[in-house]
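The structure file structure_14.cif is reproduced below (mmCIF, C-alpha atoms).
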```cif
data_target
#
loop_
_atom_site.group_PDB
_atom_site.id
_atom_site.type_symbol
_atom_site.label_atom_id
_atom_site.label_comp_id
_atom_site.auth_asym_id
_atom_site.auth_seq_id
_atom_site.Cartn_x
_atom_site.Cartn_y
_atom_site.Cartn_z
ATOM 1 C CA GLU A 1 4.581 -29.280 3.029
ATOM 2 C CA ASP A 2 1.040 -27.953 2.952
ATOM 3 C CA GLN A 3 -1.004 -29.486 0.141
ATOM 4 C CA VAL A 4 -4.491 -29.288 -1.271
ATOM 5 C CA THR A 5 -5.908 -31.849 -3.707
ATOM 6 C CA GLN A 6 -9.307 -31.954 -5.366
ATOM 7 C CA SER A 7 -11.235 -34.822 -6.890
ATOM 8 C CA PRO A 8 -12.479 -35.646 -9.353
ATOM 9 C CA GLU A 9 -10.533 -33.582 -11.854
ATOM 10 C CA ALA A 10 -13.634 -33.356 -14.039
ATOM 11 C CA LEU A 11 -17.255 -34.370 -13.472
ATOM 12 C CA ARG A 12 -20.097 -34.590 -15.934
ATOM 13 C CA LEU A 13 -23.651 -34.708 -14.551
ATOM 14 C CA GLN A 14 -27.106 -34.760 -16.020
ATOM 15 C CA GLU A 15 -29.389 -31.928 -14.931
ATOM 16 C CA GLY A 16 -30.939 -32.909 -11.587
ATOM 17 C CA GLU A 17 -28.274 -35.543 -10.805
ATOM 18 C CA SER A 18 -26.844 -34.691 -7.366
ATOM 19 C CA SER A 19 -23.176 -35.296 -6.527
ATOM 20 C CA SER A 20 -20.259 -34.135 -4.390
ATOM 21 C CA LEU A 21 -16.840 -32.633 -5.021
ATOM 22 C CA ASN A 22 -13.955 -33.365 -2.674
ATOM 23 C CA CYS A 23 -11.171 -31.153 -1.349
ATOM 24 C CA SER A 24 -8.520 -32.899 0.753
ATOM 25 C CA TYR A 25 -5.853 -30.984 2.606
ATOM 26 C CA THR A 26 -2.771 -31.487 4.712
ATOM 27 C CA VAL A 27 -1.814 -28.252 6.400
ATOM 28 C CA SER A 28 -0.312 -27.128 9.664
ATOM 29 C CA GLY A 29 -2.961 -25.316 11.617
ATOM 30 C CA LEU A 30 -6.001 -24.729 9.411
ATOM 31 C CA ARG A 31 -7.301 -21.200 9.791
ATOM 32 C CA GLY A 32 -9.972 -21.400 7.106
ATOM 33 C CA LEU A 33 -11.100 -23.286 4.020
ATOM 34 C CA PHE A 34 -12.573 -21.371 1.109
ATOM 35 C CA TRP A 35 -14.624 -22.482 -1.901
ATOM 36 C CA TYR A 36 -14.694 -20.491 -5.138
ATOM 37 C CA ARG A 37 -16.480 -20.852 -8.468
ATOM 38 C CA GLN A 38 -14.619 -19.950 -11.657
ATOM 39 C CA ASP A 39 -16.206 -19.541 -15.070
ATOM 40 C CA PRO A 40 -13.999 -19.866 -18.190
ATOM 41 C CA GLY A 41 -11.839 -16.804 -18.798
ATOM 42 C CA LYS A 42 -12.926 -15.127 -15.559
ATOM 43 C CA GLY A 43 -11.628 -14.707 -12.038
ATOM 44 C CA PRO A 44 -12.851 -16.953 -9.207
ATOM 45 C CA GLU A 45 -15.949 -15.875 -7.273
ATOM 46 C CA PHE A 46 -16.253 -16.453 -3.541
ATOM 47 C CA LEU A 47 -18.764 -19.071 -2.391
ATOM 48 C CA PHE A 48 -18.087 -20.174 1.201
ATOM 49 C CA THR A 49 -15.686 -19.979 4.122
ATOM 50 C CA LEU A 50 -15.474 -22.822 6.666
ATOM 51 C CA TYR A 51 -13.423 -22.527 9.818
ATOM 52 C CA SER A 52 -13.878 -25.643 11.942
ATOM 53 C CA ALA A 53 -14.680 -29.341 11.580
ATOM 54 C CA GLY A 54 -18.413 -29.986 11.565
ATOM 55 C CA GLU A 55 -19.260 -26.605 10.096
ATOM 56 C CA GLU A 56 -21.683 -26.445 7.146
ATOM 57 C CA LYS A 57 -22.705 -23.597 4.827
ATOM 58 C CA GLU A 58 -25.452 -23.535 2.188
ATOM 59 C CA LYS A 59 -26.251 -21.376 -0.794
ATOM 60 C CA GLU A 60 -29.020 -22.299 -3.217
ATOM 61 C CA ARG A 61 -28.131 -25.784 -4.581
ATOM 62 C CA LEU A 62 -24.680 -25.861 -2.958
ATOM 63 C CA LYS A 63 -23.705 -27.060 0.505
ATOM 64 C CA ALA A 64 -20.153 -27.105 1.830
ATOM 65 C CA THR A 65 -19.033 -29.258 4.756
ATOM 66 C CA LEU A 66 -15.727 -29.559 6.586
ATOM 67 C CA THR A 67 -13.948 -32.342 8.461
ATOM 68 C CA LYS A 68 -10.455 -32.391 9.911
ATOM 69 C CA LYS A 69 -8.970 -33.663 6.654
ATOM 70 C CA GLU A 70 -11.351 -32.719 3.864
ATOM 71 C CA SER A 71 -14.217 -30.619 2.654
ATOM 72 C CA PHE A 72 -17.105 -31.568 0.411
ATOM 73 C CA LEU A 73 -19.116 -29.385 -1.901
ATOM 74 C CA HIS A 74 -22.489 -31.052 -2.366
ATOM 75 C CA ILE A 75 -24.515 -30.053 -5.408
ATOM 76 C CA THR A 76 -28.209 -30.903 -5.196
ATOM 77 C CA ALA A 77 -30.288 -31.142 -8.388
ATOM 78 C CA PRO A 78 -27.759 -29.169 -10.453
ATOM 79 C CA LYS A 79 -28.702 -27.015 -13.422
ATOM 80 C CA PRO A 80 -26.619 -26.267 -16.537
ATOM 81 C CA GLU A 81 -25.759 -22.834 -15.107
ATOM 82 C CA ASP A 82 -23.866 -24.597 -12.318
ATOM 83 C CA SER A 83 -21.267 -25.662 -14.885
ATOM 84 C CA ALA A 84 -17.927 -24.145 -13.844
ATOM 85 C CA THR A 85 -14.615 -25.013 -12.215
ATOM 86 C CA TYR A 86 -14.823 -25.183 -8.423
ATOM 87 C CA LEU A 87 -11.676 -24.289 -6.503
ATOM 88 C CA CYS A 88 -10.910 -24.803 -2.860
ATOM 89 C CA ALA A 89 -8.194 -23.015 -0.939
ATOM 90 C CA VAL A 90 -6.874 -23.319 2.589
ATOM 91 C CA GLN A 91 -5.446 -20.660 4.793
ATOM 92 C CA ALA A 92 -2.879 -22.272 7.055
ATOM 93 C CA GLY A 93 -1.121 -20.978 10.120
ATOM 94 C CA ASN A 94 2.264 -21.119 8.408
ATOM 95 C CA TYR A 95 1.175 -18.840 5.594
ATOM 96 C CA GLY A 96 -0.504 -16.134 7.571
ATOM 97 C CA GLN A 97 -2.562 -14.263 5.060
ATOM 98 C CA ASN A 98 -1.619 -16.447 2.098
ATOM 99 C CA PHE A 99 -3.606 -19.321 0.734
ATOM 100 C CA VAL A 100 -2.835 -22.682 -0.877
ATOM 101 C CA PHE A 101 -5.145 -23.482 -3.776
ATOM 102 C CA GLY A 102 -6.211 -26.849 -5.124
ATOM 103 C CA PRO A 103 -6.223 -27.494 -8.897
ATOM 104 C CA GLY A 104 -10.009 -27.393 -9.126
ATOM 105 C CA THR A 105 -12.819 -29.673 -10.292
ATOM 106 C CA ARG A 106 -14.332 -28.913 -13.681
ATOM 107 C CA LEU A 107 -18.088 -29.527 -13.486
ATOM 108 C CA SER A 108 -20.308 -29.885 -16.556
ATOM 109 C CA VAL A 109 -24.067 -30.172 -16.115
ATOM 110 C CA LEU A 110 -25.865 -31.370 -19.222
ATOM 111 C CA PRO A 111 -29.509 -30.439 -19.942
ATOM 112 C CA ASP G 1 -19.833 -1.214 -7.331
ATOM 113 C CA GLY G 2 -16.596 -2.101 -5.571
ATOM 114 C CA GLY G 3 -14.239 -4.494 -7.251
ATOM 115 C CA ILE G 4 -10.953 -5.200 -8.939
ATOM 116 C CA THR G 5 -10.192 -4.110 -12.481
ATOM 117 C CA GLN G 6 -7.518 -5.858 -14.479
ATOM 118 C CA SER G 7 -6.319 -4.703 -17.883
ATOM 119 C CA PRO G 8 -5.786 -5.615 -20.579
ATOM 120 C CA LYS G 9 -7.919 -8.757 -20.876
ATOM 121 C CA TYR G 10 -5.554 -10.187 -23.521
ATOM 122 C CA LEU G 11 -1.861 -9.375 -23.942
ATOM 123 C CA PHE G 12 0.713 -10.603 -26.411
ATOM 124 C CA ARG G 13 4.421 -10.480 -25.654
ATOM 125 C CA LYS G 14 7.310 -10.851 -28.035
ATOM 126 C CA GLU G 15 10.473 -12.647 -27.018
ATOM 127 C CA GLY G 16 12.731 -10.419 -24.903
ATOM 128 C CA GLN G 17 10.015 -7.871 -24.192
ATOM 129 C CA ASN G 18 8.815 -6.638 -20.808
ATOM 130 C CA VAL G 19 5.076 -6.175 -20.355
ATOM 131 C CA THR G 20 3.046 -4.689 -17.502
ATOM 132 C CA LEU G 21 -0.330 -5.923 -16.293
ATOM 133 C CA SER G 22 -2.554 -3.414 -14.545
ATOM 134 C CA CYS G 23 -4.578 -4.072 -11.370
ATOM 135 C CA GLU G 24 -6.747 -1.447 -9.652
ATOM 136 C CA GLN G 25 -9.117 -1.929 -6.681
ATOM 137 C CA ASN G 26 -11.684 0.334 -5.036
ATOM 138 C CA LEU G 27 -12.456 -1.956 -2.105
ATOM 139 C CA ASN G 28 -10.125 -0.137 0.287
ATOM 140 C CA HIS G 29 -8.322 -3.418 0.998
ATOM 141 C CA ASP G 30 -4.765 -3.212 2.299
ATOM 142 C CA ALA G 31 -3.563 -6.558 0.948
ATOM 143 C CA MET G 32 -3.207 -7.273 -2.757
ATOM 144 C CA TYR G 33 -1.931 -10.339 -4.582
ATOM 145 C CA TRP G 34 -0.845 -11.616 -7.990
ATOM 146 C CA TYR G 35 -1.458 -15.237 -8.942
ATOM 147 C CA ARG G 36 -0.623 -17.249 -12.012
ATOM 148 C CA GLN G 37 -3.009 -19.969 -13.237
ATOM 149 C CA ASP G 38 -1.954 -22.766 -15.586
ATOM 150 C CA PRO G 39 -4.209 -25.588 -16.807
ATOM 151 C CA GLY G 40 -4.472 -28.443 -14.294
ATOM 152 C CA GLN G 41 -2.604 -26.556 -11.581
ATOM 153 C CA GLY G 42 -3.740 -24.593 -8.585
ATOM 154 C CA LEU G 43 -3.224 -20.856 -8.444
ATOM 155 C CA ARG G 44 0.391 -20.050 -7.662
ATOM 156 C CA LEU G 45 1.386 -16.915 -5.777
ATOM 157 C CA ILE G 46 3.771 -14.545 -7.566
ATOM 158 C CA TYR G 47 3.929 -11.478 -5.300
ATOM 159 C CA TYR G 48 1.844 -9.958 -2.546
ATOM 160 C CA SER G 49 1.662 -6.638 -0.769
ATOM 161 C CA GLN G 50 0.133 -6.031 2.645
ATOM 162 C CA ILE G 51 0.672 -2.280 2.697
ATOM 163 C CA VAL G 52 1.685 0.567 0.419
ATOM 164 C CA ASN G 53 5.399 0.679 -0.475
ATOM 165 C CA ASP G 54 5.934 -2.890 0.740
ATOM 166 C CA PHE G 55 5.708 -6.221 -1.064
ATOM 167 C CA GLN G 56 6.983 -9.786 -0.702
ATOM 168 C CA LYS G 57 7.901 -12.562 -3.105
ATOM 169 C CA GLY G 58 5.569 -15.492 -3.416
ATOM 170 C CA ASP G 59 6.361 -19.005 -4.565
ATOM 171 C CA ILE G 60 7.199 -18.171 -8.207
ATOM 172 C CA ALA G 61 8.536 -14.579 -8.190
ATOM 173 C CA GLU G 62 11.475 -15.136 -10.544
ATOM 174 C CA GLY G 63 11.064 -13.156 -13.761
ATOM 175 C CA TYR G 64 8.380 -10.876 -12.305
ATOM 176 C CA SER G 65 8.422 -7.503 -10.560
ATOM 177 C CA VAL G 66 5.788 -5.368 -8.828
ATOM 178 C CA SER G 67 5.306 -1.949 -7.262
ATOM 179 C CA ARG G 68 2.818 -0.620 -4.707
ATOM 180 C CA GLU G 69 2.945 3.158 -4.758
ATOM 181 C CA LYS G 70 -0.782 3.583 -4.094
ATOM 182 C CA LYS G 71 -3.224 1.558 -2.048
ATOM 183 C CA GLU G 72 -5.491 1.144 -5.072
ATOM 184 C CA SER G 73 -2.872 -0.061 -7.563
ATOM 185 C CA PHE G 74 -0.602 -3.121 -7.781
ATOM 186 C CA PRO G 75 0.875 -3.510 -11.287
ATOM 187 C CA LEU G 76 2.804 -6.624 -12.311
ATOM 188 C CA THR G 77 5.669 -6.533 -14.815
ATOM 189 C CA VAL G 78 6.559 -9.729 -16.626
ATOM 190 C CA THR G 79 10.204 -9.361 -17.584
ATOM 191 C CA SER G 80 12.233 -11.027 -20.314
ATOM 192 C CA ALA G 81 13.781 -13.195 -17.588
ATOM 193 C CA GLN G 82 10.487 -15.101 -17.261
ATOM 194 C CA LYS G 83 11.045 -17.929 -19.718
ATOM 195 C CA ASN G 84 7.533 -19.354 -19.771
ATOM 196 C CA PRO G 85 5.141 -16.440 -19.264
ATOM 197 C CA THR G 86 2.142 -17.758 -21.192
ATOM 198 C CA ALA G 87 -0.588 -18.107 -18.548
ATOM 199 C CA PHE G 88 -3.711 -16.575 -17.037
ATOM 200 C CA TYR G 89 -2.826 -13.912 -14.455
ATOM 201 C CA LEU G 90 -5.165 -13.045 -11.604
ATOM 202 C CA CYS G 91 -4.976 -10.069 -9.282
ATOM 203 C CA ALA G 92 -6.785 -10.177 -5.960
ATOM 204 C CA SER G 93 -7.318 -8.160 -2.833
ATOM 205 C CA ARG G 94 -8.290 -9.600 0.511
ATOM 206 C CA ASP G 95 -11.039 -8.998 3.024
ATOM 207 C CA PRO G 96 -10.143 -10.468 6.432
ATOM 208 C CA ASP G 97 -13.486 -12.310 6.660
ATOM 209 C CA TYR G 98 -14.288 -13.310 3.091
ATOM 210 C CA GLY G 99 -10.951 -14.243 1.608
ATOM 211 C CA TYR G 100 -10.022 -12.996 -1.795
ATOM 212 C CA THR G 101 -11.858 -10.824 -4.278
ATOM 213 C CA PHE G 102 -10.431 -11.538 -7.713
ATOM 214 C CA GLY G 103 -10.220 -9.505 -10.875
ATOM 215 C CA SER G 104 -11.341 -10.886 -14.207
ATOM 216 C CA GLY G 105 -7.823 -11.838 -15.240
ATOM 217 C CA THR G 106 -5.322 -11.119 -18.012
ATOM 218 C CA ARG G 107 -4.401 -13.825 -20.498
ATOM 219 C CA LEU G 108 -0.779 -13.385 -21.566
ATOM 220 C CA THR G 109 0.553 -15.145 -24.666
ATOM 221 C CA VAL G 110 4.092 -15.176 -26.025
ATOM 222 C CA VAL G 111 4.232 -14.725 -29.803
#
```
Taking this structure as input, can you express it in the form of C-alpha cells?
Amino acid sequence: EDQVTQSPEALRLQEGESSSLNCSYTVSGLRGLFWYRQDPGKGPEFLFTLYSAGEEKEKERLKATLTKKESFLHITAPKPEDSATYLCAVQAGNYGQNFVFGPGTRLSVLP
Amino acid sequence: DGGITQSPKYLFRKEGQNVTLSCEQNLNHDAMYWYRQDPGQGLRLIYYSQIVNDFQKGDIAEGYSVSREKKESFPLTVTSAQKNPTAFYLCASRDPDYGYTFGSGTRLTVV
C-alpha cells in the first residue's frame, strides 16, 4: 500500500533558526512529489513539484530536495510568517491523477 | 483572477439532514476533486471527476454524493448516511504540471 509519512508532527523554531521537515514515502512508481503550505482555516497553497531523485527547487527561504525514499523541505532563517502546516503529497503510478497526502508538519516560528 | 470558490465557509448540519457544499472553478481545468481533512490525518479523497458527466468514488465515498453537470461546478452532498461528517472539506482542480489548486474550504459541523 502506498504511504506518505511526515516528521516531525509539530516543530517550534525561533526566528532565524534553520531546520528541515521530512516527507517519507513508499509508493509504486513515483510520478511526482508535491509540497504545499496550509494556513489555519484555508486551503493548501502549492509550493513545489519534484519529479526525480536529486532534484532541488528553491523559493525564498524554502528549498525542497528529493531522494528515492524521501523529500526534505529546508527552511533557512525562518520568519514568523513562515508559520503554517506543510503538506507533502505523492503522485504514484497506481493512482494516475490521484495523490496520496501526508498528515503534515505544523511549523511555528517564534519572534 | 482564476481560482476555486467554495461556499459556504461554515455549515451546520442537524442529524438526519442532507447538506450540499458548493465548488466553482474558473481555471478551465477538466479534473476536479473533493477531499476531507481531519486533524492529524492526511487529506482523504471522497470523489473525483475527470470530465463533465463522469465521476468516480475515492477512498471514503460512503455517505457522500456528487454531480458534474458543468465543467465549472462540482457540488458535494453530505447525506444522512454519513455518520461522522464533522470535518474540513476541500475542493480542488488539477493542472497537469502544478498539481492541485485548492479552494478555501468549508468547515462542516454536526449540531
Check which residues of chain A sit at most 8 Å from chain G using all atoms listed in the file, and return one row each with the closest pair of atoms and their distance in Å to one decimal, ordered by chain and rising number, as CSV.
```
residue,atom,partner,partner_atom,distance
A:Phe34,CA,G:Gly99,CA,7.3
A:Gly41,CA,G:Gly105,CA,7.3
A:Lys42,CA,G:Ser104,CA,4.7
A:Gly43,CA,G:Ser104,CA,4.4
A:Pro44,CA,G:Phe102,CA,6.1
A:Glu45,CA,G:Phe102,CA,7.0
A:Phe46,CA,G:Thr101,CA,7.2
A:Thr49,CA,G:Tyr98,CA,6.9
A:Val100,CA,G:Leu43,CA,7.8
A:Phe101,CA,G:Gly42,CA,5.1
A:Gly102,CA,G:Gly42,CA,4.8
A:Pro103,CA,G:Gly42,CA,3.8
A:Gly104,CA,G:Gly42,CA,6.9
```
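Note that the spacing between CA of Glu17 in chain A and CA of Glu60 in chain A amounts to 15.3 Å.
Taking CA of Glu1 in chain A and CA of Asp39 in chain A as endpoints, the distance between them is 29.2 Å.
The gap separating CA of Arg12 in chain A from CA of Glu56 in chain A is 24.5 Å, in Å to one decimal.
Using all atoms listed in the file, the smallest distance between any of G:Ile51, G:Val19, G:Glu72, G:Pro8 and Pro85 in chain G comes from G:Val19.
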Please write as an NGL selection string the list of polymer residues whose atoms come within 12 Å of (-2.7, -7.9, -25.9), counting only C-alpha atoms and keeping to the coordinates of the file.
-> :G and (7-14 or 19-21 or 86 or 106-111)
Name the residues that the PyMOL selection byres ((chain G and resi 66) around 8) pulls out of this structure, and write them as a VMD selection string.
-> chain G and resid 47 55 64 to 65 67 to 68 74 to 77
Write a file of the just-selected residues containing C-alpha atoms, as a tab-separated table (two decimals), in the coordinates of the input.
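File again12.tsv, as written:
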```tsv
chain	number	residue	atom	x	y	z
G	47	TYR	CA	3.93	-11.48	-5.30
G	55	PHE	CA	5.71	-6.22	-1.06
G	64	TYR	CA	8.38	-10.88	-12.30
G	65	SER	CA	8.42	-7.50	-10.56
G	67	SER	CA	5.31	-1.95	-7.26
G	68	ARG	CA	2.82	-0.62	-4.71
G	74	PHE	CA	-0.60	-3.12	-7.78
G	75	PRO	CA	0.88	-3.51	-11.29
G	76	LEU	CA	2.80	-6.62	-12.31
G	77	THR	CA	5.67	-6.53	-14.82
```
Which residue, G:Asn18, G:Gln25, G:Thr5, G:Ser49, has the smallest gap to Ser73 in chain G when you use all atoms listed in the file?
-> G:Gln25
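Excluding Asn22 in chain A itself and any same-chain residue fewer than 5 positions from it, the protein and nucleic acid residues within 12 Å of it, counting only C-alpha atoms, are Val4, Thr5, Gln6, Ser7, Pro8, Glu9, Ala10, Leu11, Trp35, Ala64, Thr65, Leu66, Thr67, Lys69, Glu70, Ser71, Phe72, Leu73, His74, Ile75, Tyr86, Leu87, Cys88, Ala89, Gly102, Pro103, Gly104, Thr105 and Arg106 of chain A.
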Selection near Val90 in chain A, 6 Å with all atoms listed in the file, sequence-local residues under 4 positions removed, as a VMD selection string = chain A and resid 32 to 33 99 to 100
Exercise: Val52 in chain G partners within 8 Å, all atoms listed in the file, chain neighbours under 6 positions left out, as a ChimeraX atom specification = /G:30,68-71
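What the PyMOL selection byres ((chain A and resi 109) around 7) grabs from this file is Arg12, Leu13, Gln14, Glu15, Pro78, Lys79, Pro80, Asp82, Ser83, Leu107, Ser108, Leu110 and Pro111 of chain A.
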Per-axis box centre and lengths in Å around range 46-57 of chain G, 8 Å margin per side, axis-aligned, as JSON:
```
{"center_x": 4.0, "center_y": -6.9, "center_z": -2.4, "size_x": 23.8, "size_y": 31.2, "size_z": 26.3}
```
Tell me which residues the PyMOL selection byres ((chain G and resi 3) around 7) grabs here, as a list of chain:residue names.
-> G:Asp1, G:Gly2, G:Ile4, G:Thr5, G:Gln25, G:Asn26, G:Leu27
Rank nothing, just name the residue among A:Gln91, A:Gln3, A:Ser20, A:Thr26 nearest to Arg61 in chain A, using only C-alpha atoms.
-> A:Ser20
Atoms added to range 69-90 of chain G (N, CA, C and O atoms), reported as a short mmCIF file (atom, residue, chain, number, x, y, z; two decimals), in the frame of the given file:
```cif
data_model
loop_
_atom_site.label_atom_id
_atom_site.label_comp_id
_atom_site.auth_asym_id
_atom_site.auth_seq_id
_atom_site.Cartn_x
_atom_site.Cartn_y
_atom_site.Cartn_z
N GLU G 69 2.80 1.74 -5.10
CA GLU G 69 2.94 3.16 -4.76
C GLU G 69 1.65 3.76 -4.23
O GLU G 69 1.66 4.79 -3.55
N LYS G 70 0.53 3.13 -4.57
CA LYS G 70 -0.78 3.58 -4.09
C LYS G 70 -1.56 2.39 -3.56
O LYS G 70 -1.39 1.27 -4.04
N LYS G 71 -2.43 2.64 -2.63
CA LYS G 71 -3.22 1.56 -2.05
C LYS G 71 -4.07 0.88 -3.11
O LYS G 71 -4.32 -0.32 -3.07
N GLU G 72 -4.55 1.66 -4.09
CA GLU G 72 -5.49 1.14 -5.07
C GLU G 72 -4.83 0.34 -6.20
O GLU G 72 -5.51 -0.36 -6.93
N SER G 73 -3.52 0.44 -6.36
CA SER G 73 -2.87 -0.06 -7.56
C SER G 73 -1.72 -1.01 -7.24
O SER G 73 -0.91 -0.75 -6.35
N PHE G 74 -1.65 -2.11 -8.01
CA PHE G 74 -0.60 -3.12 -7.78
C PHE G 74 -0.22 -3.72 -9.13
O PHE G 74 -0.58 -4.86 -9.45
N PRO G 75 0.53 -3.00 -9.96
CA PRO G 75 0.88 -3.51 -11.29
C PRO G 75 1.94 -4.60 -11.24
O PRO G 75 2.83 -4.56 -10.39
N LEU G 76 1.85 -5.51 -12.18
CA LEU G 76 2.80 -6.62 -12.31
C LEU G 76 3.54 -6.50 -13.64
O LEU G 76 2.90 -6.38 -14.69
N THR G 77 4.87 -6.53 -13.59
CA THR G 77 5.67 -6.53 -14.82
C THR G 77 6.24 -7.93 -15.03
O THR G 77 6.86 -8.50 -14.13
N VAL G 78 5.99 -8.45 -16.22
CA VAL G 78 6.56 -9.73 -16.63
C VAL G 78 7.80 -9.41 -17.44
O VAL G 78 7.71 -8.82 -18.53
N THR G 79 8.96 -9.75 -16.92
CA THR G 79 10.20 -9.36 -17.58
C THR G 79 10.66 -10.43 -18.57
O THR G 79 10.15 -11.56 -18.58
N SER G 80 11.68 -10.08 -19.34
CA SER G 80 12.23 -11.03 -20.31
C SER G 80 12.90 -12.21 -19.62
O SER G 80 13.15 -13.24 -20.25
N ALA G 81 13.17 -12.09 -18.33
CA ALA G 81 13.78 -13.20 -17.59
C ALA G 81 12.79 -14.32 -17.30
O ALA G 81 13.20 -15.43 -16.95
N GLN G 82 11.50 -14.06 -17.46
CA GLN G 82 10.49 -15.10 -17.26
C GLN G 82 10.39 -15.91 -18.55
O GLN G 82 9.88 -15.41 -19.57
N LYS G 83 10.88 -17.14 -18.50
CA LYS G 83 11.04 -17.93 -19.72
C LYS G 83 9.77 -18.57 -20.22
O LYS G 83 9.68 -18.95 -21.39
N ASN G 84 8.79 -18.72 -19.36
CA ASN G 84 7.53 -19.35 -19.77
C ASN G 84 6.35 -18.53 -19.28
O ASN G 84 5.62 -18.95 -18.38
N PRO G 85 6.13 -17.35 -19.83
CA PRO G 85 5.14 -16.44 -19.26
C PRO G 85 3.71 -16.69 -19.72
O PRO G 85 2.79 -16.09 -19.16
N THR G 86 3.51 -17.54 -20.70
CA THR G 86 2.14 -17.76 -21.19
C THR G 86 1.29 -18.37 -20.09
O THR G 86 1.57 -19.47 -19.62
N ALA G 87 0.26 -17.66 -19.66
CA ALA G 87 -0.59 -18.11 -18.55
C ALA G 87 -1.72 -17.11 -18.37
O ALA G 87 -1.79 -16.08 -19.04
N PHE G 88 -2.61 -17.45 -17.45
CA PHE G 88 -3.71 -16.58 -17.04
C PHE G 88 -3.31 -15.96 -15.71
O PHE G 88 -2.99 -16.67 -14.76
N TYR G 89 -3.29 -14.61 -15.64
CA TYR G 89 -2.83 -13.91 -14.46
C TYR G 89 -4.01 -13.28 -13.72
O TYR G 89 -4.83 -12.57 -14.32
N LEU G 90 -4.07 -13.54 -12.43
CA LEU G 90 -5.16 -13.04 -11.60
C LEU G 90 -4.64 -12.14 -10.50
O LEU G 90 -3.71 -12.50 -9.79
#
```
